[in-house]
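Chemist: Questions regarding the structure given below will be posed in turn.
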Amino acid sequence: MSAVERPVEPAAAVRPAEPEPAADARRTPGEGGIWVFILADMTVFALMFGALVLLQADDPARYELGQDHLHVGVGVANTIVLLGSSLAVALAVRHARAGALVPARRLFSVAFGCALLFWALKLYEYTSLGGDGVSARENEFFLYYFSFTGVHLLHVTLGLAGLAGVVRLTRRPALSDHERSLVETGASYWHMVDLLWIVLFALLYLYG
Amino acid sequence: MTSTRIQRWCAWSGIAFLVIFFTGAMMAQVLPPPSPTQTPAEVAAQWSSHADLKRAGLCLMMISAGFLFPFTAAISAQLRRIEGHTGPLTMLQLIAGGVGVFAILMPTMLFMGIAFRPERAPEVTSGLMDAAFVPFVINFPPVFAQCVAFGLAVLLQRGAVRPFPRWSAWFSFWVAFLFLPGVLLLFFRTSAWAWDGLLSFWLVAAIFGGWILLVSILLLRTLRQGDDAAAGAPAEAVA
């Protein structure tokens with residue numbers, strides 16, 4: 001027994017000197033920190049969603065009157081555009097993980113195009129509403145409509161930069177572990193942008 | 001007196017800032033914020049009541065700003081270790097943190113001007129209040145640059161020099177990002193975007209305080225590991 005235990009002891013003595021793998025694990029895969037950003041950001045959007053729910057409860061008729069001005073068709077189109085981009089990103093990540101960088105790059109470019117299209121549609125909607133004489137000063141519904149979709153558009157803009165970075169990364173012949181985790185980081189962020197829009201769309205265009 | 005020990009004092013001054021600043025702001029009744037829809041008479045009445053308490057609170061706010069100098073220096077001391085020399089991020093953080101002190105001092109001193117003679121014509125007090133409170137809440141570029149410089153440096157950490165956990169970079173980016181919509185307070189006097197609103201004021205105040213608290217704690221944690229390296233002593237001492 002003790003003869004069996006003895007050889008274990010040196011190994012145990014070595015263990016304290018072993019924090020290297022732990023440090024390694026922290027260094028390598030997956031940019032865990034992006035989830036701090038995502039969860040924190042979703043908390044802020046939850047506040048905005050709460051503000052909309054309260055506004056609707058406060059005066060349902062006024063809320064509906066505001067909704068009547070919005071172009072549901074454009075909202076639906078933007079939702080489809082973002083869902084499409086999310087699908088492209090998800091497939092692209094799968095390709096990138098498998099090392100197939102050419103299709104991954106194509107799919108990320110599609111997502112980038114979708115993001116541009118989202119921007120264009122939003123701009124069309126803003127100018128069209130402006131043409132109808134609607135502004136953020138009209139009432140609280142439009143104040144929140146313009147500011148919350150504006151904050152979301154800021155996220156889309158940051159996402160454009162992120163997707164552009166990811167497209168550039170996938171130009172390389174192969175990805176290191178770190179680069180692969182960067183690709184996943186950009187993709188996770190983009191999925192959040194999509195998710196937030198779906199809730200925002202439902203609350204602004206359909207709710208009540 | 002070692003550099004580690006000085007840096008520890010510097011890190012504690014971040015926490016000292018928070019305690020003194022928020023205490024002072026509550027005494028001066030700028031926290032919780034008064035409504036931007038107050039009439040001139042209401043503004044004047046508010047500054048006239050408990051005038052000396054408010055003045056004392058403003059003094060505390062002014063004093064607290066001084067604690068941001070060493071706090072900023074402690075961050076840059078660590079960023080310098082990461083960059084390996086006094087690189088652009090180290091300098092950016094230092095410049096932005098220094099100007100951030102002004103972002104606190106400028107409105108505080110305008111508040112002091114208001115508190116000095118609150119019995120003046122209410123319209124004047126109300127105008128001064130606008131001139132003080134808008135910059136007080138809206139002025140994000142310094143702390144924005146500070147958060148971004150800190151975050152980028154944390155992501156640059158390589159090899160054995162890792163004073164901060166990587167997630168703190170993403171937290172900093174999020175904080176920086178959230179300051180941006182604050183510009184809306186210039187456009188609206190009611191709603192969540194007003195200067196006393198949930199998103200323009202409370203959220204920003206919470207994340208601003210939260211970032212300073214977090215970075216202070218992370219600095220103290222790094223310095224507790226306490227070797228000479230944490231103070232940036234070796235090799236670089238020559239530079």
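Naming scheme: A, B, ... for chains in displayed order of the structure tokens; residues 1 onward per chain; ligands 1 onward as shown.
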Could you list the residues in chain A lying within 8 Å of chain B, using only C-alpha atoms, and format the result as an MDAnalysis selection string?
Modeler: chainID A and resid 32:34 36:37 40:41 140 151
Chemist: What's around segment 105-109 of chain A at 6 Å? Count only C-alpha atoms, leave out sequence neighbours fewer than 2 positions away in its own chain, and write the answer as a list in words.
Modeler: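 Listing them by chain and then by number gives Ala88, Val89, Ala92, Leu101, Val102, Pro103, Ala111, Phe112, Val167 and Thr170 of chain A.
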Chemist: Please write the residues from the selection above to a file, keeping C-alpha atoms, as an mmCIF file, in the first residue's frame.
Modeler:
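This went into selection_33.cif:
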```
data_model
loop_
_atom_site.group_PDB
_atom_site.id
_atom_site.type_symbol
_atom_site.label_atom_id
_atom_site.label_comp_id
_atom_site.auth_asym_id
_atom_site.auth_seq_id
_atom_site.Cartn_x
_atom_site.Cartn_y
_atom_site.Cartn_z
ATOM 1 C CA ALA A 88 -25.446 33.387 -42.464
ATOM 2 C CA VAL A 89 -23.263 34.117 -39.426
ATOM 3 C CA ALA A 92 -20.148 30.876 -41.389
ATOM 4 C CA LEU A 101 -12.522 29.691 -44.703
ATOM 5 C CA VAL A 102 -13.663 30.473 -48.248
ATOM 6 C CA PRO A 103 -17.363 29.671 -47.668
ATOM 7 C CA ALA A 111 -24.212 39.060 -43.258
ATOM 8 C CA PHE A 112 -22.305 42.323 -43.770
ATOM 9 C CA VAL A 167 -14.330 39.016 -42.990
ATOM 10 C CA THR A 170 -11.163 34.807 -42.796
#
```
Chemist: So that I can see what lies close to Gly162 of chain A, please list as a CSV table (one decimal) with C-alpha atoms, in the first residue's frame the residues with an atom at most 12 Å from it, counting only C-alpha atoms and leaving out residues fewer than 6 positions away in the same chain.
Modeler:
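Full text of result_13.csv as output:
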```
chain,number,residue,atom,x,y,z
A,89,VAL,CA,-23.3,34.1,-39.4
A,108,PHE,CA,-19.8,36.7,-43.4
A,109,SER,CA,-19.9,39.0,-46.4
A,111,ALA,CA,-24.2,39.1,-43.3
A,112,PHE,CA,-22.3,42.3,-43.8
A,115,ALA,CA,-26.4,44.8,-42.1
A,155,HIS,CA,-25.2,48.6,-32.2
A,156,VAL,CA,-25.7,47.6,-35.9
A,168,ARG,CA,-10.7,40.3,-43.0
A,169,LEU,CA,-9.7,37.5,-40.6
A,182,LEU,CA,-12.3,36.3,-32.3
A,183,VAL,CA,-14.5,35.1,-35.1
A,184,GLU,CA,-16.9,33.6,-32.5
A,185,THR,CA,-16.8,36.8,-30.5
A,186,GLY,CA,-18.0,38.8,-33.5
A,187,ALA,CA,-20.6,36.2,-34.3
A,188,SER,CA,-22.0,36.2,-30.7
A,189,TYR,CA,-22.2,40.0,-30.7
A,190,TRP,CA,-24.1,39.9,-34.0
A,191,HIS,CA,-26.6,37.4,-32.7
A,193,VAL,CA,-28.0,42.6,-32.2
```
Chemist: Among segment 115-226 of chain B, which ones does DSSP assign to alpha helix (DSSP H) (computed from the backbone)? Answer as JSON, numbers by chain.
Modeler: {"B": [115, 116, 122, 123, 124, 125, 126, 127, 128, 129, 130, 131, 132, 133, 134, 135, 136, 137, 138, 141, 142, 143, 144, 145, 146, 147, 148, 149, 150, 151, 152, 153, 154, 155, 167, 168, 169, 170, 171, 172, 173, 174, 175, 176, 177, 178, 179, 203, 204, 205, 206, 207, 208, 209, 210, 211, 212, 213, 214, 215, 216, 217, 218, 219, 220, 221, 222, 223, 224]}
Chemist: Mind checking which residues fall within 12 Å of Cys147 of chain B, counting only C-alpha atoms, ignoring those fewer than 6 positions away in the same chain, and posting them as a PyMOL selection string?
Modeler: chain B and resi 72+75-76+89-90+92-94+96-97+100+140-141+153-154+168-179+207-208+210-212+214-215
Chemist: What is the distance, in Å and to one decimal place, between atom CA of Trp35 of chain A and atom CA of Gly209 of chain B?
Modeler: 21.0 Å
Chemist: Check the smallest atom-to-atom distance from each of B:Met91, B:Met106, B:Val101, B:Leu128 to Gly66 of chain B using only C-alpha atoms, then report the winner.
Modeler: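 Of the candidates, the smallest distance to Gly66 of chain B is held by B:Val101.
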Chemist: Got a sec: who's within 10 Å of segment 15-21 of chain B, counting only C-alpha atoms, leaving out chain neighbours fewer than 5 positions off, as a PyMOL selection string?
Modeler: chain B and resi 10+26-27+57-69+71+104+208-210+212-217
Chemist: Restricting the calculation to only C-alpha atoms: of B:Ala51, B:Met129, B:Ala73, B:Leu220, which residue gets closest to Arg117 of chain B?
Modeler: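 For Arg117 of chain B, the nearest of the given residues is B:Ala51.
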Chemist: Using only C-alpha atoms, can you tell me which of A:Phe141, A:Leu83, A:Leu163, A:Phe45 comes closest to Tyr63 of chain A?
Modeler: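 Under the stated criterion, the closest residue is A:Phe141.
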Chemist: From the options A:Ser86, A:Ala98, A:Leu196, A:Val74, which residue's atoms come nearest to Leu123 of chain A, counting only C-alpha atoms?
Modeler: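 The shortest atom-to-atom distance to Leu123 of chain A comes from A:Val74.
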Chemist: May I ask which of the residues A:Leu206, A:Leu87, A:Val72, A:Leu200 is the closest one to Gly50 of chain A, counting only C-alpha atoms?
Modeler: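 Of the candidates, the smallest distance to Gly50 of chain A is held by A:Leu200.
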Chemist: Can you tell me which residues surround Phe118 of chain A at a distance of at most 10 Å, considering only C-alpha atoms, apart from same-chain residues fewer than 6 positions away, and format the answer as a short mmCIF file (atom, residue, chain, number, x, y, z; two decimals) with N, CA and C atoms, in the first residue's frame?
Modeler:
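Result file follows (result-v4.cif):
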```
data_model
loop_
_atom_site.label_atom_id
_atom_site.label_comp_id
_atom_site.auth_asym_id
_atom_site.auth_seq_id
_atom_site.Cartn_x
_atom_site.Cartn_y
_atom_site.Cartn_z
N VAL A 74 -41.83 47.67 -43.45
CA VAL A 74 -40.39 47.91 -43.35
C VAL A 74 -39.83 47.19 -42.13
N GLY A 75 -40.61 47.23 -41.04
CA GLY A 75 -40.17 46.54 -39.82
C GLY A 75 -40.02 45.04 -40.05
N ALA A 77 -39.57 43.59 -42.94
CA ALA A 77 -38.43 43.39 -43.86
C ALA A 77 -37.12 43.42 -43.08
N ASN A 78 -36.99 44.38 -42.18
CA ASN A 78 -35.75 44.48 -41.40
C ASN A 78 -35.56 43.27 -40.51
N THR A 79 -36.67 42.73 -39.98
CA THR A 79 -36.58 41.54 -39.14
C THR A 79 -36.07 40.36 -39.97
N ILE A 80 -36.62 40.22 -41.17
CA ILE A 80 -36.19 39.11 -42.04
C ILE A 80 -34.72 39.29 -42.41
N VAL A 81 -34.34 40.54 -42.72
CA VAL A 81 -32.95 40.82 -43.09
C VAL A 81 -31.99 40.40 -41.97
N LEU A 82 -32.36 40.76 -40.73
CA LEU A 82 -31.46 40.43 -39.61
C LEU A 82 -31.46 38.94 -39.32
N SER A 85 -29.23 37.42 -41.76
CA SER A 85 -27.83 37.66 -41.45
C SER A 85 -27.36 36.75 -40.32
N PHE A 112 -22.70 40.91 -43.70
CA PHE A 112 -22.30 42.32 -43.77
C PHE A 112 -23.26 43.08 -44.70
N TYR A 124 -34.51 54.82 -44.64
CA TYR A 124 -35.72 55.08 -45.43
C TYR A 124 -36.90 55.33 -44.50
N LEU A 153 -29.45 50.97 -33.77
CA LEU A 153 -28.71 51.21 -35.01
C LEU A 153 -27.23 51.45 -34.72
N VAL A 156 -25.87 48.16 -34.54
CA VAL A 156 -25.69 47.60 -35.89
C VAL A 156 -24.40 48.16 -36.50
#
```
